[in-house]
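Q: Coordinates in structure.cif, mmCIF, C-alpha atoms, are listed below.
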data_final
loop_
_atom_site.label_atom_id
_atom_site.label_comp_id
_atom_site.auth_asym_id
_atom_site.auth_seq_id
_atom_site.Cartn_x
_atom_site.Cartn_y
_atom_site.Cartn_z
CA MET A 29 3.54 -15.78 2.80
CA GLY A 30 2.95 -18.50 5.40
CA ILE A 31 2.97 -18.15 9.15
CA ASN A 32 6.77 -18.37 9.46
CA ILE A 33 7.44 -14.69 8.80
CA ILE A 34 10.66 -14.40 10.80
CA ARG A 35 12.02 -17.73 9.55
CA ASP A 36 11.30 -16.98 5.90
CA THR A 37 12.71 -13.44 6.15
CA ILE A 38 15.98 -14.61 7.67
CA GLU A 39 16.37 -17.53 5.27
CA LEU A 40 15.77 -15.34 2.21
CA ALA A 41 18.26 -12.78 3.54
CA ILE A 42 20.95 -15.45 4.02
CA THR A 43 20.32 -16.90 0.55
CA ILE A 44 20.46 -13.54 -1.21
CA SER A 45 23.49 -12.33 0.78
CA GLY A 46 25.36 -15.51 -0.09
CA HIS A 47 24.55 -15.11 -3.78
CA SER A 48 25.01 -11.34 -4.12
CA GLY A 49 27.83 -10.71 -1.67
CA VAL A 50 25.84 -7.87 -0.06
CA PRO A 51 26.39 -7.81 3.75
CA ILE A 52 23.17 -8.14 5.74
CA LEU A 53 22.28 -7.04 9.25
CA LEU A 54 19.33 -8.74 10.95
CA LEU A 55 17.83 -6.05 13.17
CA ALA A 56 15.36 -7.31 15.76
CA ASN A 57 14.05 -7.34 19.28
CA PRO A 58 15.46 -10.09 21.52
CA GLY A 59 13.87 -13.54 21.59
CA LEU A 60 12.88 -14.00 17.94
CA ALA A 61 14.85 -17.24 17.48
CA LYS A 62 17.45 -15.72 15.16
CA SER A 63 20.18 -18.16 16.24
CA THR A 64 17.90 -21.18 15.91
CA ILE A 65 16.73 -20.19 12.43
CA VAL A 66 20.30 -19.52 11.26
CA SER A 67 21.40 -22.89 12.67
CA ASN A 68 18.53 -24.73 10.99
CA TRP A 69 19.26 -23.06 7.64
CA ALA A 70 22.94 -24.02 7.84
CA ALA A 71 22.19 -27.66 8.70
CA ARG A 72 19.57 -28.00 5.99
CA ASN A 73 21.80 -26.48 3.29
CA GLY A 74 25.02 -28.32 4.13
CA TYR A 75 26.87 -25.43 5.80
CA HIS A 76 29.16 -25.64 8.80
CA LEU A 77 28.09 -22.98 11.34
CA GLU A 78 30.33 -20.83 13.50
CA THR A 79 28.70 -18.34 15.88
CA LEU A 80 30.51 -15.42 17.50
CA ILE A 81 28.43 -13.67 20.18
CA GLY A 82 30.03 -10.26 20.55
CA SER A 83 29.54 -9.87 24.29
CA ARG A 84 31.42 -13.13 24.97
CA PHE A 85 34.54 -12.49 22.91
CA THR A 86 37.58 -10.26 23.06
CA GLN A 87 39.14 -8.59 20.05
CA GLU A 88 41.97 -11.16 20.10
CA GLU A 89 39.57 -14.09 20.18
CA ILE A 90 38.00 -12.74 16.99
CA LEU A 91 41.03 -11.64 14.97
CA GLY A 92 43.74 -13.86 16.50
CA PHE A 93 46.54 -13.51 19.05
CA GLN A 94 49.98 -12.09 18.39
CA ALA A 95 52.61 -14.47 19.76
CA ARG A 96 56.41 -14.28 19.80
CA VAL A 97 57.89 -17.44 18.33
CA GLU A 98 61.58 -18.39 18.47
CA ASP A 99 63.26 -19.93 15.43
CA LYS A 100 65.12 -22.94 16.82
CA SER A 101 67.80 -22.94 14.12
CA SER A 102 68.69 -19.26 14.23
CA GLY A 103 67.56 -18.40 17.73
CA GLU A 104 65.80 -15.31 16.39
CA SER A 105 62.27 -14.52 17.47
CA ARG A 106 59.39 -13.12 15.43
CA LEU A 107 55.74 -12.24 15.86
CA GLU A 108 53.24 -14.70 14.44
CA LEU A 109 49.47 -14.86 14.47
CA LEU A 110 47.78 -17.60 16.44
CA GLU A 111 44.59 -18.10 14.48
CA PRO A 112 41.39 -18.25 16.55
CA TYR A 113 39.80 -21.68 16.88
CA TRP A 114 36.67 -20.72 14.91
CA TYR A 115 38.79 -19.64 11.93
CA ARG A 116 40.79 -22.88 12.00
CA SER A 117 37.49 -24.77 12.05
CA ILE A 118 36.23 -22.91 8.96
CA ILE A 119 39.48 -23.61 7.08
CA ARG A 120 39.35 -27.28 8.07
CA HIS A 121 35.78 -27.64 6.74
CA GLU A 122 36.70 -25.73 3.57
CA LYS A 123 39.40 -28.31 2.84
CA GLN A 124 36.65 -30.93 3.10
CA ASN A 125 34.56 -28.94 0.56
CA ILE A 126 32.08 -27.94 3.26
CA PRO A 127 31.21 -24.21 3.13
CA SER A 128 30.67 -22.23 6.34
CA LEU A 129 28.22 -19.70 7.67
CA LEU A 130 29.75 -17.25 10.16
CA PHE A 131 27.03 -15.74 12.37
CA LEU A 132 28.05 -12.56 14.21
CA ASP A 133 25.48 -11.92 16.93
CA GLU A 134 25.05 -8.96 19.32
CA LEU A 135 26.92 -6.59 17.03
CA SER A 136 25.40 -3.62 18.86
CA THR A 137 26.08 -4.74 22.47
CA VAL A 138 29.87 -4.84 22.46
CA GLN A 139 32.76 -2.55 23.24
CA GLU A 140 34.07 -0.43 20.39
CA ASN A 141 37.23 -2.51 19.77
CA VAL A 142 35.23 -5.76 19.66
CA GLN A 143 32.68 -4.25 17.31
CA GLY A 144 35.53 -3.07 15.12
CA ALA A 145 36.92 -6.60 14.98
CA MET A 146 33.53 -8.01 14.02
CA LEU A 147 33.07 -5.35 11.33
CA GLN A 148 36.47 -6.27 9.91
CA LEU A 149 35.14 -9.80 9.39
CA VAL A 150 32.04 -8.42 7.66
CA PHE A 151 33.55 -5.85 5.32
CA GLU A 152 37.15 -6.99 4.82
CA ARG A 153 36.56 -10.71 5.46
CA THR A 154 39.95 -10.94 7.16
CA ILE A 155 41.43 -11.76 10.54
CA GLY A 156 44.91 -10.67 11.66
CA HIS A 157 47.83 -10.52 9.21
CA GLY A 158 45.28 -10.17 6.40
CA LYS A 159 44.27 -13.82 6.41
CA LYS A 160 41.08 -14.15 4.38
CA LEU A 161 37.87 -16.02 4.96
CA PRO A 162 37.18 -18.53 2.18
CA ALA A 163 35.10 -17.14 -0.67
CA SER A 164 32.38 -19.73 0.07
CA THR A 165 31.84 -18.42 3.62
CA ILE A 166 28.64 -16.45 4.19
CA VAL A 167 28.83 -13.81 6.95
CA VAL A 168 25.55 -12.86 8.64
CA SER A 169 25.31 -10.17 11.34
CA ALA A 170 22.59 -9.46 13.91
CA ALA A 171 21.85 -6.63 16.32
CA ASN A 172 19.07 -5.34 18.55
CA TYR A 173 16.98 -2.22 18.09
CA LYS A 174 18.26 0.77 20.03
CA GLN A 175 15.58 0.70 22.71
CA ASN A 176 16.66 -2.80 23.78
CA ILE A 177 20.34 -2.12 24.46
CA PRO A 178 22.23 -0.08 27.08
CA PHE A 179 22.72 3.55 26.14
CA VAL A 180 26.52 3.19 25.97
CA PHE A 181 26.28 0.93 22.92
CA ASN A 182 25.41 1.90 19.38
CA ILE A 183 26.06 1.44 15.68
CA MET A 184 26.78 4.65 13.79
CA ALA A 185 24.79 5.59 10.69
CA PRO A 186 27.74 5.42 8.23
CA ILE A 187 28.40 1.85 9.41
CA LEU A 188 24.74 0.85 9.05
CA ASN A 189 24.81 2.24 5.53
CA ARG A 190 27.30 -0.47 4.55
CA PHE A 191 24.71 -3.18 5.30
CA CYS A 192 21.43 -4.25 3.82
CA ILE A 193 19.29 -3.87 6.94
CA VAL A 194 16.71 -6.63 7.36
CA ASN A 195 14.00 -5.62 9.83
CA LEU A 196 12.54 -8.53 11.80
CA ARG A 197 9.21 -7.27 13.10
CA TYR A 198 5.55 -8.23 13.16
CA GLU A 199 2.65 -6.26 11.76
CA SER A 200 0.16 -7.92 14.13
CA ASN A 201 -0.02 -9.86 17.38
CA VAL A 202 -1.79 -12.69 15.57
CA ALA A 203 1.20 -13.30 13.29
CA PHE A 204 3.54 -13.34 16.29
CA PHE A 205 1.51 -15.96 18.15
CA ASP A 206 0.93 -18.07 15.04
CA GLU A 207 4.67 -18.44 14.45
CA PHE A 208 5.80 -19.04 18.02
CA LEU A 209 2.98 -21.29 19.24
CA GLN A 210 3.78 -23.95 16.65
CA ASP A 211 5.08 -27.35 17.61
CA GLU A 212 8.84 -27.42 17.18
CA SER A 213 8.52 -30.08 14.50
CA SER A 214 6.31 -27.75 12.43
CA ARG A 215 8.98 -25.04 12.16
CA GLN A 216 10.63 -26.91 9.31
CA ASP A 217 7.43 -27.39 7.32
CA ASP A 218 7.07 -25.67 3.95
CA VAL A 219 10.54 -24.12 3.95
CA LEU A 220 11.21 -21.91 0.95
CA ILE A 221 13.10 -23.59 -1.89
CA TYR A 222 14.91 -21.34 -4.35
CA ARG A 223 15.93 -22.15 -7.90
CA ASP A 224 19.19 -21.28 -9.64
CA MET A 225 18.49 -19.52 -12.92
CA ALA A 226 20.77 -17.86 -15.45
CA VAL A 227 20.16 -14.17 -16.08
CA ASN A 228 21.41 -13.05 -19.49
CA GLY A 229 23.28 -9.89 -20.35
CA GLU A 230 20.21 -8.26 -21.92
CA THR A 231 18.23 -8.63 -18.69
CA LYS A 232 21.12 -7.21 -16.66
CA ALA A 233 21.29 -4.22 -18.99
CA ARG A 234 17.53 -3.70 -18.70
CA LEU A 235 17.85 -3.87 -14.94
CA ARG A 236 20.53 -1.17 -14.91
CA GLU A 237 18.55 1.07 -17.25
CA GLY A 238 15.35 0.39 -15.30
CA LEU A 239 16.96 1.38 -12.01
CA LYS A 240 18.15 4.65 -13.58
CA ALA A 241 14.62 5.34 -14.84
CA MET A 242 13.19 4.46 -11.42
CA TRP A 243 15.47 6.89 -9.60
CA ALA A 244 14.78 9.59 -12.18
CA ALA A 245 11.05 9.26 -11.44
CA VAL A 246 11.67 9.27 -7.67
CA PHE A 247 13.89 12.34 -7.79
CA GLU A 248 11.48 14.22 -10.04
CA SER A 249 8.69 13.64 -7.55
CA PHE A 250 10.55 15.10 -4.59
CA ASN A 251 12.70 17.78 -6.22
CA ASP A 252 10.92 20.96 -7.22
CA GLY A 253 12.90 23.81 -8.72
CA GLU A 254 15.19 25.25 -6.07
CA ARG A 255 13.87 22.92 -3.39
CA THR A 256 15.80 19.66 -3.37
CA ALA A 257 14.22 17.05 -1.12
CA VAL A 258 16.26 14.09 -2.39
CA ASP A 259 19.98 14.87 -2.22
CA ILE A 260 22.39 12.13 -3.32
CA ASN A 261 25.21 14.15 -1.77
CA ASN A 262 23.55 14.02 1.63
CA GLN A 263 26.12 15.18 4.19
CA MET A 264 23.74 15.38 7.13
CA TYR A 265 24.03 11.82 8.45
CA ASN A 266 21.94 11.60 11.57
CA ASN A 267 22.13 8.55 13.78
CA ILE A 268 19.42 6.45 12.16
CA TYR A 269 19.94 3.80 14.81
CA GLU A 270 18.55 6.09 17.54
CA SER A 271 14.92 5.62 16.52
CA ASP A 272 12.83 3.89 19.18
CA THR A 273 9.87 3.17 16.92
CA GLY A 274 9.25 1.93 13.41
CA TYR A 275 11.83 0.42 11.11
CA VAL A 276 15.47 1.28 10.56
CA TYR A 277 16.41 2.01 6.96
CA ASN A 278 19.40 3.34 5.02
CA PHE A 279 20.19 6.46 3.01
CA ILE A 280 20.67 6.52 -0.76
CA THR A 281 24.40 6.33 -1.50
CA GLY A 282 26.49 5.03 -4.36
CA ARG A 283 27.12 1.86 -2.36
CA THR A 284 23.45 1.22 -1.61
CA ILE A 285 22.47 1.81 -5.24
CA TYR A 286 25.02 -0.80 -6.31
CA TYR A 287 23.79 -3.18 -3.59
CA LEU A 288 20.22 -2.69 -4.84
CA TYR A 289 21.33 -3.78 -8.30
CA GLN A 290 23.12 -6.80 -6.81
CA ILE A 291 20.22 -8.08 -4.71
CA THR A 292 17.67 -7.46 -7.49
CA HIS A 293 19.88 -9.49 -9.82
CA SER A 294 20.04 -12.23 -7.15
CA PHE A 295 16.24 -12.22 -6.80
CA LEU A 296 16.05 -12.88 -10.54
CA CYS A 297 18.67 -15.64 -10.34
CA LYS A 298 16.66 -17.36 -7.60
CA GLY A 299 13.46 -17.15 -9.62
CA LEU A 300 11.54 -15.07 -7.06
CA SER A 301 8.23 -13.46 -7.98
CA VAL A 302 6.70 -10.38 -6.39
CA ASP A 303 3.39 -12.22 -5.99
CA SER A 304 4.96 -14.93 -3.80
CA TYR A 305 7.86 -13.13 -2.12
CA GLY A 306 6.97 -9.42 -2.36
CA PRO A 307 7.05 -8.50 1.37
CA LEU A 308 10.31 -10.39 1.92
CA MET A 309 11.96 -8.77 -1.09
CA LEU A 310 10.76 -5.27 -0.19
CA ASN A 311 12.18 -5.70 3.31
CA MET A 312 15.64 -5.92 1.74
CA VAL A 313 14.97 -3.17 -0.81
CA PHE A 314 13.83 -0.76 1.91
CA GLY A 315 16.71 -1.89 4.11
CA LEU A 316 19.11 -0.57 1.48
CA VAL A 317 17.52 2.70 0.37
CA GLY A 318 14.33 3.06 2.41
CA LEU A 319 15.29 6.17 4.34
CA GLY A 320 16.13 8.09 1.19
CA THR A 321 17.47 11.14 2.98
CA ASN A 322 17.20 12.58 6.46
CA LEU A 323 15.86 15.76 4.87
CA PHE A 324 12.46 14.07 4.58
CA ASN A 325 9.68 14.88 7.01
CA GLU A 326 7.35 12.05 8.08
CA MET A 327 4.81 12.64 5.29
CA GLN A 328 7.54 12.77 2.63
CA GLN A 329 9.05 9.59 4.02
CA LYS A 330 5.78 7.67 3.68
CA SER A 331 5.28 9.03 0.18
CA TYR A 332 8.85 8.08 -0.77
CA LEU A 333 8.43 4.50 0.45
CA LYS A 334 5.16 4.11 -1.47
CA LYS A 335 6.77 5.52 -4.61
CA LEU A 336 9.80 3.24 -4.23
CA GLU A 337 7.61 0.17 -3.64
CA THR A 338 5.45 0.81 -6.69
CA LEU A 339 8.30 1.60 -9.07
CA TRP A 340 10.65 -1.17 -7.95
CA THR A 341 7.98 -3.90 -8.03
CA LYS A 342 6.83 -2.75 -11.47
CA LEU A 343 10.41 -2.74 -12.73
CA TYR A 344 11.10 -6.19 -11.28
CA ALA A 345 7.93 -7.65 -12.81
CA SER A 346 8.84 -6.18 -16.20
CA LEU A 347 12.24 -7.91 -16.20
CA GLY A 348 10.56 -11.29 -16.26
CA THR A 349 7.99 -10.50 -18.96
CA LYS A 350 10.15 -9.33 -21.87
CA GLY A 351 8.97 -10.90 -25.11
CA SER A 352 5.77 -12.31 -23.64
CA THR A 353 2.92 -12.53 -26.14
CA ASP A 354 0.27 -12.47 -23.46
CA LYS A 355 -1.68 -9.23 -23.50
CA LYS A 356 -1.75 -7.94 -19.96
CA PRO A 357 -4.89 -6.13 -18.80
CA HIS A 358 -4.64 -2.47 -18.03
CA VAL A 359 -5.00 -1.48 -14.43
CA LYS A 360 -8.16 0.54 -13.97
CA LEU A 361 -7.91 3.04 -11.15
CA ASP A 362 -10.99 3.86 -9.10
CA PHE A 363 -11.07 7.45 -7.81
CA THR A 364 -14.51 7.23 -6.21
CA GLY A 365 -14.68 9.10 -2.91
CA LYS A 366 -11.09 10.35 -3.15
CA SER A 367 -9.97 13.95 -2.98
CA VAL A 368 -8.54 15.51 -6.12
CA SER A 369 -5.06 15.60 -4.55
CA ALA A 370 -5.20 11.92 -3.60
CA ALA A 371 -6.52 10.96 -7.05
CA ILE A 372 -3.73 12.85 -8.84
CA ASN A 373 -1.13 11.27 -6.55
CA GLU A 374 -2.47 7.79 -7.32
CA TRP A 375 -2.57 8.34 -11.07
CA THR A 376 0.93 9.91 -11.12
CA LEU A 377 2.38 6.94 -9.27
CA TYR A 378 0.71 4.50 -11.64
CA ASN A 379 1.80 6.48 -14.68
CA ASP A 380 5.42 6.65 -13.49
CA ALA A 381 5.45 2.88 -13.01
CA SER A 382 4.07 2.30 -16.50
CA ILE A 383 7.45 3.27 -17.97
CA PHE A 384 8.46 -0.34 -17.37
CA THR A 385 5.50 -1.99 -19.12
CA ASP A 386 4.75 0.04 -22.26
CA ASP A 387 1.14 0.42 -21.08
CA THR A 388 -0.94 3.31 -22.34
CA ASP A 389 -2.81 4.62 -19.35
CA GLU A 390 -6.56 4.28 -19.80
CA SER A 391 -7.18 5.80 -16.36
CA LEU A 392 -6.21 9.35 -17.33
CA GLU A 393 -9.66 9.93 -18.78
CA ALA A 394 -11.21 8.73 -15.51
CA LEU A 395 -8.92 11.05 -13.54
CA VAL A 396 -9.85 14.14 -15.57
CA ARG A 397 -13.53 13.19 -15.35
CA HIS A 398 -13.14 12.89 -11.56
CA ILE A 399 -11.48 16.33 -11.32
CA SER A 400 -14.20 17.85 -13.51
CA GLY A 401 -16.85 16.38 -11.24
CA VAL A 402 -15.37 18.17 -8.24
CA TYR A 403 -14.46 21.40 -10.05
CA GLY A 404 -17.16 22.08 -12.64
CA THR A 405 -16.74 25.17 -14.78
CA ASP A 406 -20.31 26.49 -14.92
CA GLY A 407 -20.96 29.75 -13.07
CA VAL A 408 -23.29 28.27 -10.43
CA GLN A 409 -20.77 25.63 -9.38
CA VAL A 410 -17.90 28.13 -9.28
CA GLU A 411 -19.92 30.55 -7.12
CA GLY A 412 -21.01 27.79 -4.74
CA LEU A 413 -17.45 26.64 -4.22
CA GLU A 414 -16.31 30.24 -3.73
CA ARG A 415 -18.69 30.67 -0.79
CA ARG A 416 -17.46 27.46 0.85
CA VAL A 417 -13.78 28.27 0.35
CA LEU A 418 -14.05 31.78 1.77
CA ASP A 419 -16.21 30.75 4.74
CA ASP A 420 -14.48 27.49 5.74
CA ASP A 421 -10.73 27.25 6.43
CA PHE A 422 -10.72 23.49 5.83
CA ALA A 423 -12.32 23.96 2.41
CA MET A 424 -9.86 26.77 1.65
CA PHE A 425 -6.76 24.63 2.36
CA ALA A 426 -8.22 21.66 0.46
CA PHE A 427 -8.95 23.89 -2.52
CA THR A 428 -5.47 25.47 -2.63
CA GLY A 429 -3.88 22.02 -2.31
CA ASP A 430 -5.99 20.65 -5.15
CA MET A 431 -5.14 23.60 -7.40
CA GLN A 432 -1.42 23.05 -6.83
CA LYS A 433 -1.85 19.37 -7.66
CA ILE A 434 -3.69 20.21 -10.88
CA ASP A 435 -0.81 22.53 -11.79
CA TYR A 436 1.59 19.66 -11.13
CA LEU A 437 -0.50 17.32 -13.29
CA VAL A 438 -0.60 19.84 -16.16
CA ASP A 439 3.20 20.20 -16.01
CA ASN A 440 3.64 16.41 -16.08
CA LEU A 441 1.25 15.95 -19.00
CA SER A 442 2.85 18.79 -20.95
CA ALA A 443 6.24 17.06 -20.67
CA ALA A 444 4.92 13.56 -21.36
CA ASP A 445 5.59 11.60 -24.53
CA PRO A 446 2.44 11.91 -26.71
CA SER A 447 2.95 8.36 -28.00
CA ARG A 448 2.39 7.03 -24.47
CA LEU A 449 -0.60 9.31 -23.82
CA PRO A 450 -2.37 9.71 -27.18
CA SER A 451 -5.21 11.86 -25.83
CA ARG A 452 -2.92 14.10 -23.81
CA ASP A 453 -3.80 17.37 -25.55
CA SER A 454 -7.56 17.03 -25.05
CA PHE A 455 -7.05 16.25 -21.35
CA LEU A 456 -4.75 19.26 -21.01
CA ALA A 457 -7.42 21.46 -22.56
CA ASN A 458 -10.02 20.25 -20.02
CA LEU A 459 -7.67 20.88 -17.12
CA GLN A 460 -6.79 24.32 -18.40
CA ARG A 461 -10.49 25.25 -18.54
CA ILE A 462 -10.78 24.30 -14.87
CA LEU A 463 -7.73 26.38 -13.93
CA ASP A 464 -9.12 29.37 -15.88
CA ALA A 465 -12.56 29.08 -14.24
CA TYR A 466 -11.08 29.17 -10.73
CA ARG A 467 -8.20 31.58 -11.36
CA GLN A 468 -9.70 34.51 -9.45
CA LEU A 469 -10.84 32.39 -6.50
CA ARG A 470 -7.47 30.74 -6.45
CA GLU A 471 -5.62 34.04 -6.04
CA VAL A 472 -7.88 35.08 -3.18
CA ALA A 473 -7.63 31.71 -1.44
CA PHE A 474 -3.84 31.58 -1.76
CA LYS A 475 -3.48 35.01 -0.16
CA LYS A 476 -5.83 34.01 2.64
CA ALA A 477 -3.91 30.76 3.20
CA VAL A 478 -0.56 32.54 3.36
CA ASN A 479 -1.87 35.07 5.88
CA HIS A 480 -3.76 32.52 7.96
#
As structure tokens - that is how I would like this structure written.
A:
Amino acid sequence: MGINIIRDTIELAITISGHSGVPILLLANPGLAKSTIVSNWAARNGYHLETLIGSRFTQEEILGFQARVEDKSSGESRLELLEPYWYRSIIRHEKQNIPSLLFLDELSTVQENVQGAMLQLVFERTIGHGKKLPASTIVVSAANYKQNIPFVFNIMAPILNRFCIVNLRYESNVAFFDEFLQDESSRQDDVLIYRDMAVNGETKARLREGLKAMWAAVFESFNDGERTAVDINNQMYNNIYESDTGYVYNFITGRTIYYLYQITHSFLCKGLSVDSYGPLMLNMVFGLVGLGTNLFNEMQQKSYLKKLETLWTKLYASLGTKGSTDKKPHVKLDFTGKSVSAAINEWTLYNDASIFTDDTDESLEALVRHISGVYGTDGVQVEGLERRVLDDDFAMFAFTGDMQKIDYLVDNLSAADPSRLPSRDSFLANLQRILDAYRQLREVAFKKAVNH
């Protein structure tokens, strides 16, 4: 990515929304040049631009006025819709074969009836009397983060869940200054150019099957027996817009899953690669399903996002490599200096992602060797660890956590396809020897941890 992070993010979002039909919401702090960037994109791509700033319009100015008109021949009167000027302008340009971009700004800082009118344009694409926006019209919405608007205004979580949320934020002060201290003439340098590519039915089918496999891996990671951390029937909508820090994401719903398919398909049609556009693409992916569920605690949320990033990027890369004769190198994981729990987490994530590449994982041997180095099975090593675990609470909790992770790894390997992990049985035997060697200490440590 270049220095124009905000510009490139907005322009990709507009492009993908226009292609996929998925509504987008640009969520930002004030003063990030959203209007200017949208205007520049429209002018450069041959679109007529209409901007509706929510705080400056009434409901009637958005959806049209009801007027009583008298029929001169019969003398009877009837109600007709007086179309708003912006709508007439869009229709006029459409007749000239000029598409339009309708930019709805300040969606969060308006009265409820005005917000409702703006949302009708987004989701129903109609004004009064059911008059439709032309199919070529792209609708882009923008709002501020909660901490920057008066407390009386808001956007409810179920409404946000109908958008792909695009977070416009900076990871560093340097990036912020680089983008906004440019000369104005430089803002149009190196704009992103997207191709139009055909995606065949086989690739679409692989995308659908890949997404199902991805979610299966995600759900398996967070659902354990009776404890369900990822619930697709989540009925506990909190107000995700209330957060004063971090990013705003969406829950997993049927709609967001379908939207994820749509935008991923559009990424393919525009010829985007993860190497070149990864952060921009993940912004939209997370904006659709990045919250997962409000049952997550903070640690689960971070783990979920990492899992989603790894699996989705691996799936996307695999869609463009079908039939390639190039032998791709295996990824070699380095567990040096990592705890057993962290090492198992890293290998599990890599192994889950390998379902999209037909790789056989050569790092499993390194993982088991790493675990064996920490938990040797000779009597001296077992006794030495026993003294540390029973004398040091930190060592005790680390040990019990590692043992649970080894259990989890054994369960995963036992259920794995032997054709994908040819040496699975020998690795399972090594892990079982470790579990047997520390069985007694484990029981004592678990009891101590529970009663701590």
Q: Please check which residues have atoms at most 12 Å from (36.1, -7.2, 12.1) in the file's coordinates, counting only C-alpha atoms, and write them as a PyMOL selection string.
A: chain A and resi 80+82+86-92+132+135+140-156+158-161+167+169
Q: Starting from the shown file, work through the PyMOL selection byres ((chain A and resi 378) around 9) and note down what comes out as an NGL selection string.
A: :A and (338-339 or 359 or 361 or 373-377 or 379-382 or 389)
Q: Show me, as a PyMOL selection string, the residues that have an atom within 10 Å of Leu333 of chain A when counting only C-alpha atoms, minus same-chain residues fewer than 2 positions from it.
A: chain A and resi 246+314+317-320+328-331+335-339
Q: Can I get the selected residues back with C-alpha atoms, as a compact mmCIF listing (two decimals), in the frame of the given file?
A:
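Once everything was written out, this is out-v3.txt:
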# COMPACT_ATOMS: atom_id res chain seq x y z
CA VAL A 246 11.67 9.27 -7.67
CA PHE A 314 13.83 -0.76 1.91
CA VAL A 317 17.52 2.70 0.37
CA GLY A 318 14.33 3.06 2.41
CA LEU A 319 15.29 6.17 4.34
CA GLY A 320 16.13 8.09 1.19
CA GLN A 328 7.54 12.77 2.63
CA GLN A 329 9.05 9.59 4.02
CA LYS A 330 5.78 7.67 3.68
CA SER A 331 5.28 9.03 0.18
CA LYS A 335 6.77 5.52 -4.61
CA LEU A 336 9.80 3.24 -4.23
CA GLU A 337 7.61 0.17 -3.64
CA THR A 338 5.45 0.81 -6.69
CA LEU A 339 8.30 1.60 -9.07
Q: Counting all atoms listed in the file, figure out which residue out of A:Gly299, A:Tyr344, A:Phe204, A:Ser249 gets nearest to Glu237 of chain A.
A: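 Closest to Glu237 of chain A of all the choices is A:Tyr344.
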Q: I would like the residues chosen by the PyMOL selection byres ((chain A and resi 444-448) around 12) on the shown file; could you give them as a VMD selection string?
A: chain A and resid 376 379 to 380 382 to 390 392 437 to 443 449 to 456
Q: Generate the output file for the selected residues, C-alpha atoms, as a tab-separated table (two decimals), in the frame of the given file.
A:
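selection.tsv, freshly written:
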chain	number	residue	atom	x	y	z
A	376	THR	CA	0.93	9.91	-11.12
A	379	ASN	CA	1.80	6.48	-14.68
A	380	ASP	CA	5.42	6.65	-13.49
A	382	SER	CA	4.07	2.30	-16.50
A	383	ILE	CA	7.45	3.27	-17.97
A	384	PHE	CA	8.46	-0.34	-17.37
A	385	THR	CA	5.50	-1.99	-19.12
A	386	ASP	CA	4.75	0.04	-22.26
A	387	ASP	CA	1.14	0.42	-21.08
A	388	THR	CA	-0.94	3.31	-22.34
A	389	ASP	CA	-2.81	4.62	-19.35
A	390	GLU	CA	-6.56	4.28	-19.80
A	392	LEU	CA	-6.21	9.35	-17.33
A	437	LEU	CA	-0.50	17.32	-13.29
A	438	VAL	CA	-0.60	19.84	-16.16
A	439	ASP	CA	3.20	20.20	-16.01
A	440	ASN	CA	3.64	16.41	-16.08
A	441	LEU	CA	1.25	15.95	-19.00
A	442	SER	CA	2.85	18.79	-20.95
A	443	ALA	CA	6.24	17.06	-20.67
A	449	LEU	CA	-0.60	9.31	-23.82
A	450	PRO	CA	-2.37	9.71	-27.18
A	451	SER	CA	-5.21	11.86	-25.83
A	452	ARG	CA	-2.92	14.10	-23.81
A	453	ASP	CA	-3.80	17.37	-25.55
A	454	SER	CA	-7.56	17.03	-25.05
A	455	PHE	CA	-7.05	16.25	-21.35
A	456	LEU	CA	-4.75	19.26	-21.01
Q: For Asn32 of chain A, which residue out of A:Ser214, A:Asn182, A:Thr79, A:Asn73 is the nearest one, using all atoms listed in the file?
A: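 The closest residue to Asn32 of chain A is A:Ser214.
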Q: Show me, as JSON, numbers by chain, the residues that have an atom within 10 Å of segment 418-424 of chain A when counting all atoms listed in the file, minus same-chain residues fewer than 3 positions from it.
A: {"A": [413, 414, 415, 427, 428, 429, 430, 469, 470, 472, 473, 474, 476, 477, 480]}
Q: Which residues of segment 150-199 of chain A have any atom within 12 Å of an atom in segment 287-294 of chain A when counting all atoms listed in the file, and what is the closest pair of atoms for each, with the distance in Å to one decimal? Order the rows by chain and rising number and write it as CSV.
A:
residue,atom,partner,partner_atom,distance
A:Asn189,CA,A:Tyr287,CA,10.7
A:Arg190,CA,A:Tyr287,CA,9.3
A:Phe191,CA,A:Tyr287,CA,8.9
A:Cys192,CA,A:Tyr287,CA,7.9
A:Ile193,CA,A:Tyr287,CA,11.5
Q: With a distance cut-off of 12 Å and all atoms listed in the file, select the neighbouring residues of Thr37 of chain A, excluding the residue or stretch itself and same-chain residues fewer than 3 positions from it, and output the selection as a ChimeraX atom specification.
A: /A:29-34,40-44,52-56,60,62,65-66,69,193-198,219-220,305-312
Q: Using all atoms listed in the file, can you tell me which of A:Gly404, A:Gly315, A:Gly74, A:Gly238 comes closest to Val276 of chain A?
A: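 Answer, going by the shortest atom-to-atom distance: A:Gly315.
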Q: Let me make sure I understand: among A:Ala171, A:Ala61, A:Val410, A:Ile285, which one has the smallest atom-to-atom distance to Glu207 of chain A if we use all atoms listed in the file?
A: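 Closest candidate: A:Ala61.
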Q: Between A:Glu111, A:Asp211, A:Glu104, A:Glu134, which one has atoms that come closest to Ser63 of chain A, using all atoms listed in the file?
A: A:Glu134
Q: Taking into account only C-alpha atoms, which residue in the set A:Asn458, A:Gln94, A:Ser391, A:Gln468 is nearest to Leu110 of chain A?
A: A:Gln94
